[in-house]
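Undergrad: Okay, handing you the structure first.
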Amino acid sequence: MSIKIAITGKSGSGKTTITKSFLKIIQENFPDKSVLLFDNDLTGELGHSFGLDIRNTIYGIRSGKHEYKTGIPDGMNKHEYVEWAIEDILVPINDNVDIIVSWFVGAKDCRCPITGQINDACQKLIERYDYVIFDCEFDLKYLNQLVDTNIDLTLVVANPTIESVKLTKRIAEFSSKYAAGGQFGIIMNKVDNQNLGEIYNMIKDADLEILGSVPLDNNLSLGTVNWESDIVKNAVKEFYFRLNLPQENQ
């Protein structure tokens, strides 16, 4: 059974950098485990952070606009076709890591058969991997519209501003019912020790759990092309033990 981690938050909060930090930690601790990166963010930044311009998406399958890498095999029913098409758009990062991009998703109440077929195909794909990391759009609702899967750990990335904390409360409210009882908490990112007392009190008053904090990396604020940071990765390592995830050497 795969371990599923969802990283949510507003655009620009640092979700992609946090996602890549988790990937690196998993690779360091469990080098033989397979990882699926699931880019559910409309910006597509996760693929770009690996230098990839991924045009073939799950939306392309849904809309019939996907450009297949190979010819479509004969004799498939619709379920088999969707499963085959999902496989066709997987992009390998290395031997143990693949990435898939969703882009737009259909409404959950859509009665068209393709909605259920994509849900089933995505669920089968997810369960093949040891770890799945979802780089999500605003909240978990958008992911749930695509695939109805249990999430083991949901992290909402917030920035240390009053406006961000207010928005994070809304994100948590929208997302919590889709977390399926998994661990749910906040990561404070880009922390520079300004107004922290007031901000932490707001989070406490909102009954939200802070699972970790990440200091501001000025190099990222200048705009790096790969969305990677040793500062962020080391900070994630420091609070990783608090998370309901397999720990090193277990």
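Going through the structure tokens in order, the chains are called A, B, and so on, while each chain numbers its residues from 1 and the ligands are numbered from 1 in the order shown.
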Can you list every residue in stretch 4-250 of chain A that DSSP puts in strand (DSSP E or B), as a CSV table (one decimal) with N, CA and C atoms, in the first residue's frame?

TA:
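File written: result_8.csv
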chain,number,residue,atom,x,y,z
A,4,LYS,N,0.7,8.2,1.0
A,4,LYS,CA,0.3,9.4,0.2
A,4,LYS,C,0.5,10.7,1.0
A,5,ILE,N,1.2,11.6,0.5
A,5,ILE,CA,1.5,12.9,1.1
A,5,ILE,C,0.9,14.0,0.2
A,6,ALA,N,0.1,14.9,0.7
A,6,ALA,CA,-0.5,16.0,0.0
A,6,ALA,C,0.1,17.3,0.5
A,7,ILE,N,0.6,18.1,-0.4
A,7,ILE,CA,1.1,19.5,-0.1
A,7,ILE,C,0.2,20.5,-0.7
A,8,THR,N,-0.5,21.3,0.2
A,8,THR,CA,-1.5,22.2,-0.3
A,8,THR,C,-1.1,23.6,0.1
A,35,VAL,N,8.7,6.4,-6.1
A,35,VAL,CA,8.0,7.6,-5.8
A,35,VAL,C,7.2,8.1,-7.0
A,36,LEU,N,6.0,8.5,-6.9
A,36,LEU,CA,5.2,9.1,-7.9
A,36,LEU,C,5.0,10.6,-7.5
A,37,LEU,N,5.4,11.5,-8.3
A,37,LEU,CA,5.1,12.9,-8.1
A,37,LEU,C,3.9,13.3,-8.9
A,38,PHE,N,2.9,13.7,-8.2
A,38,PHE,CA,1.6,14.0,-8.9
A,38,PHE,C,1.3,15.5,-8.8
A,39,ASP,N,1.5,16.1,-10.0
A,39,ASP,CA,1.4,17.5,-10.1
A,39,ASP,C,-0.1,17.9,-10.4
A,40,ASN,N,-0.8,18.3,-9.3
A,40,ASN,CA,-2.2,18.7,-9.4
A,40,ASN,C,-2.4,20.2,-9.3
A,91,VAL,N,6.0,10.5,-17.0
A,91,VAL,CA,7.4,10.9,-17.4
A,91,VAL,C,8.4,10.5,-16.3
A,92,PRO,N,9.4,9.7,-16.6
A,92,PRO,CA,10.4,9.3,-15.6
A,92,PRO,C,11.3,10.5,-15.3
A,97,VAL,N,11.7,7.4,-9.7
A,97,VAL,CA,10.8,8.5,-9.6
A,97,VAL,C,10.1,8.8,-10.9
A,98,ASP,N,8.8,8.9,-10.9
A,98,ASP,CA,8.0,9.3,-12.1
A,98,ASP,C,7.2,10.6,-11.7
A,99,ILE,N,6.8,11.3,-12.8
A,99,ILE,CA,5.9,12.4,-12.5
A,99,ILE,C,4.7,12.4,-13.5
A,100,ILE,N,3.6,12.8,-13.0
A,100,ILE,CA,2.4,12.9,-13.9
A,100,ILE,C,1.7,14.2,-13.6
A,101,VAL,N,1.1,14.8,-14.6
A,101,VAL,CA,0.5,16.1,-14.5
A,101,VAL,C,-1.0,16.0,-14.8
A,131,TYR,N,5.6,5.6,-2.5
A,131,TYR,CA,5.2,6.9,-2.0
A,131,TYR,C,4.6,7.7,-3.2
A,132,VAL,N,3.6,8.5,-2.8
A,132,VAL,CA,3.0,9.4,-3.8
A,132,VAL,C,3.0,10.8,-3.1
A,133,ILE,N,3.5,11.8,-3.8
A,133,ILE,CA,3.5,13.1,-3.3
A,133,ILE,C,2.7,14.0,-4.2
A,134,PHE,N,1.6,14.5,-3.7
A,134,PHE,CA,0.7,15.4,-4.5
A,134,PHE,C,1.1,16.9,-4.2
A,135,ASP,N,1.5,17.5,-5.3
A,135,ASP,CA,1.7,19.0,-5.3
A,135,ASP,C,0.3,19.6,-5.7
A,136,CYS,N,-0.5,20.0,-4.7
A,136,CYS,CA,-1.9,20.3,-5.0
A,136,CYS,C,-2.1,21.7,-5.4
A,153,LEU,N,-1.0,12.0,4.9
A,153,LEU,CA,-0.5,13.2,5.5
A,153,LEU,C,-0.8,14.4,4.6
A,154,THR,N,-1.5,15.4,5.2
A,154,THR,CA,-1.8,16.6,4.5
A,154,THR,C,-1.1,17.8,5.1
A,155,LEU,N,-0.3,18.5,4.4
A,155,LEU,CA,0.4,19.7,4.9
A,155,LEU,C,0.0,20.9,4.2
A,156,VAL,N,-0.5,21.9,4.9
A,156,VAL,CA,-0.9,23.2,4.3
A,156,VAL,C,0.3,24.1,4.5
A,157,VAL,N,0.9,24.6,3.4
A,157,VAL,CA,2.0,25.5,3.5
A,157,VAL,C,1.5,26.9,3.7
A,158,ALA,N,1.9,27.6,4.7
A,158,ALA,CA,1.5,29.0,5.0
A,158,ALA,C,2.8,29.9,5.1
A,183,GLN,N,-3.1,12.4,9.1
A,183,GLN,CA,-2.5,13.5,9.8
A,183,GLN,C,-2.6,14.8,9.0
A,184,PHE,N,-3.0,15.9,9.7
A,184,PHE,CA,-3.3,17.1,9.0
A,184,PHE,C,-2.6,18.3,9.9
A,185,GLY,N,-1.8,19.1,9.2
A,185,GLY,CA,-1.2,20.2,9.9
A,185,GLY,C,-0.6,21.3,9.0
A,186,ILE,N,0.0,22.3,9.6
A,186,ILE,CA,0.5,23.5,8.9
A,186,ILE,C,2.0,23.5,9.0
A,187,ILE,N,2.6,23.9,7.8
A,187,ILE,CA,4.0,24.2,7.8
A,187,ILE,C,4.1,25.7,7.6
A,188,MET,N,4.8,26.3,8.5
A,188,MET,CA,5.1,27.8,8.3
A,188,MET,C,6.4,27.9,7.5
A,189,ASN,N,6.2,28.5,6.3
A,189,ASN,CA,7.4,28.6,5.4
A,189,ASN,C,7.8,30.1,5.2
A,190,LYS,N,9.0,30.3,4.9
A,190,LYS,CA,9.6,31.6,4.7
A,190,LYS,C,9.6,32.4,6.0
A,191,VAL,N,9.9,31.8,7.1
A,191,VAL,CA,9.8,32.4,8.4
A,191,VAL,C,11.0,33.3,8.6
A,210,ILE,N,0.6,23.3,14.1
A,210,ILE,CA,1.8,23.6,13.3
A,210,ILE,C,2.7,22.4,13.5
A,211,LEU,N,3.0,21.7,12.4
A,211,LEU,CA,3.9,20.6,12.4
A,211,LEU,C,5.4,20.9,12.2
A,212,GLY,N,5.6,22.1,11.7
A,212,GLY,CA,7.0,22.5,11.5
A,212,GLY,C,7.1,23.9,10.9
A,213,SER,N,8.3,24.5,10.9
A,213,SER,CA,8.6,25.8,10.3
A,213,SER,C,9.8,25.7,9.5
A,214,VAL,N,9.9,26.6,8.5
A,214,VAL,CA,11.0,26.6,7.5
A,214,VAL,C,11.5,28.0,7.4
A,215,PRO,N,12.8,28.3,7.6
A,215,PRO,CA,13.3,29.7,7.5
A,215,PRO,C,13.3,30.2,6.1

Undergrad: Mind checking which residues fall within 7 Å of stretch 114-118 of chain A, counting only C-alpha atoms, ignoring those fewer than 3 positions away in the same chain, and posting them as number ranges by chain?

TA: A: 62, 79, 82, 106, 110, 121-122

Undergrad: Could you give me, as a count of residues only, each residue of stretch 18-194 of chain A that DSSP assigns to helix (DSSP H, G or I) when run on this structure's backbone?

TA: 70

Undergrad: Write out as a ChimeraX atom specification each polymer residue whose atoms come within 10 Å of stretch 178-180 of chain A, counting only C-alpha atoms; drop sequence neighbours fewer than 3 positions from it.

TA: /A:6,139-144,148-154,172-175,183-184

Undergrad: Leaving out A:Ile58 and any residue of its chain fewer than 4 positions from it, which residues lie within 8 Å of it when counting only C-alpha atoms, given as a PDB file with C-alpha atoms, in the first residue's frame?

TA:
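Generated output (selection15.pdb):
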ATOM      1  CA  ARG A  62     -10.270  13.600 -20.769  1.00  0.00           C
ATOM      2  CA  ILE A  86      -2.440   7.252 -18.060  1.00  0.00           C
ATOM      3  CA  ILE A  89       1.740  10.250 -20.054  1.00  0.00           C
ATOM      4  CA  VAL A 101       0.497  16.140 -14.471  1.00  0.00           C
ATOM      5  CA  SER A 102      -3.266  16.536 -14.141  1.00  0.00           C
ATOM      6  CA  TRP A 103      -3.908  20.166 -15.186  1.00  0.00           C
ATOM      7  CA  PHE A 104      -7.683  20.851 -15.346  1.00  0.00           C
ATOM      8  CA  VAL A 105      -9.986  18.325 -13.687  1.00  0.00           C
TER       9      VAL A 105
END

Undergrad: Which polymer residues have any atom within 7 Å of an atom of A:Trp227, counting only C-alpha atoms, with same-chain residues fewer than 5 positions away left out, as a PyMOL selection string?

TA: chain A and resi 16-17+49

Undergrad: Which residue is closest to A:Ser164? Choose from A:Tyr200, A:Tyr68, A:Tyr240, A:Phe50 and count only C-alpha atoms.

TA: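 Checking each of A:Tyr200, A:Tyr68, A:Tyr240, A:Phe50 against A:Ser164, counting only C-alpha atoms, the winner is A:Tyr200.
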
Undergrad: Of the candidates A:Ser34, A:Asn29, A:Asn219, A:Asn77, which one gets nearest to A:Lys237 if we count only C-alpha atoms?

TA: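 Going through A:Ser34, A:Asn29, A:Asn219, A:Asn77 one by one, the smallest distance to A:Lys237 is for A:Asn29.
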
Undergrad: I need the residue nearest A:Thr19 from this list: A:Leu146, A:Leu243, A:Leu90, A:Val236. Use only C-alpha atoms for the distance.

TA: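 Under the stated criterion, the closest residue is A:Val236.
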
Undergrad: Work out how far atom CA of A:Glu45 is from atom CA of A:Val232, in Å to one decimal.

TA: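 It comes out at 17.2 Å.
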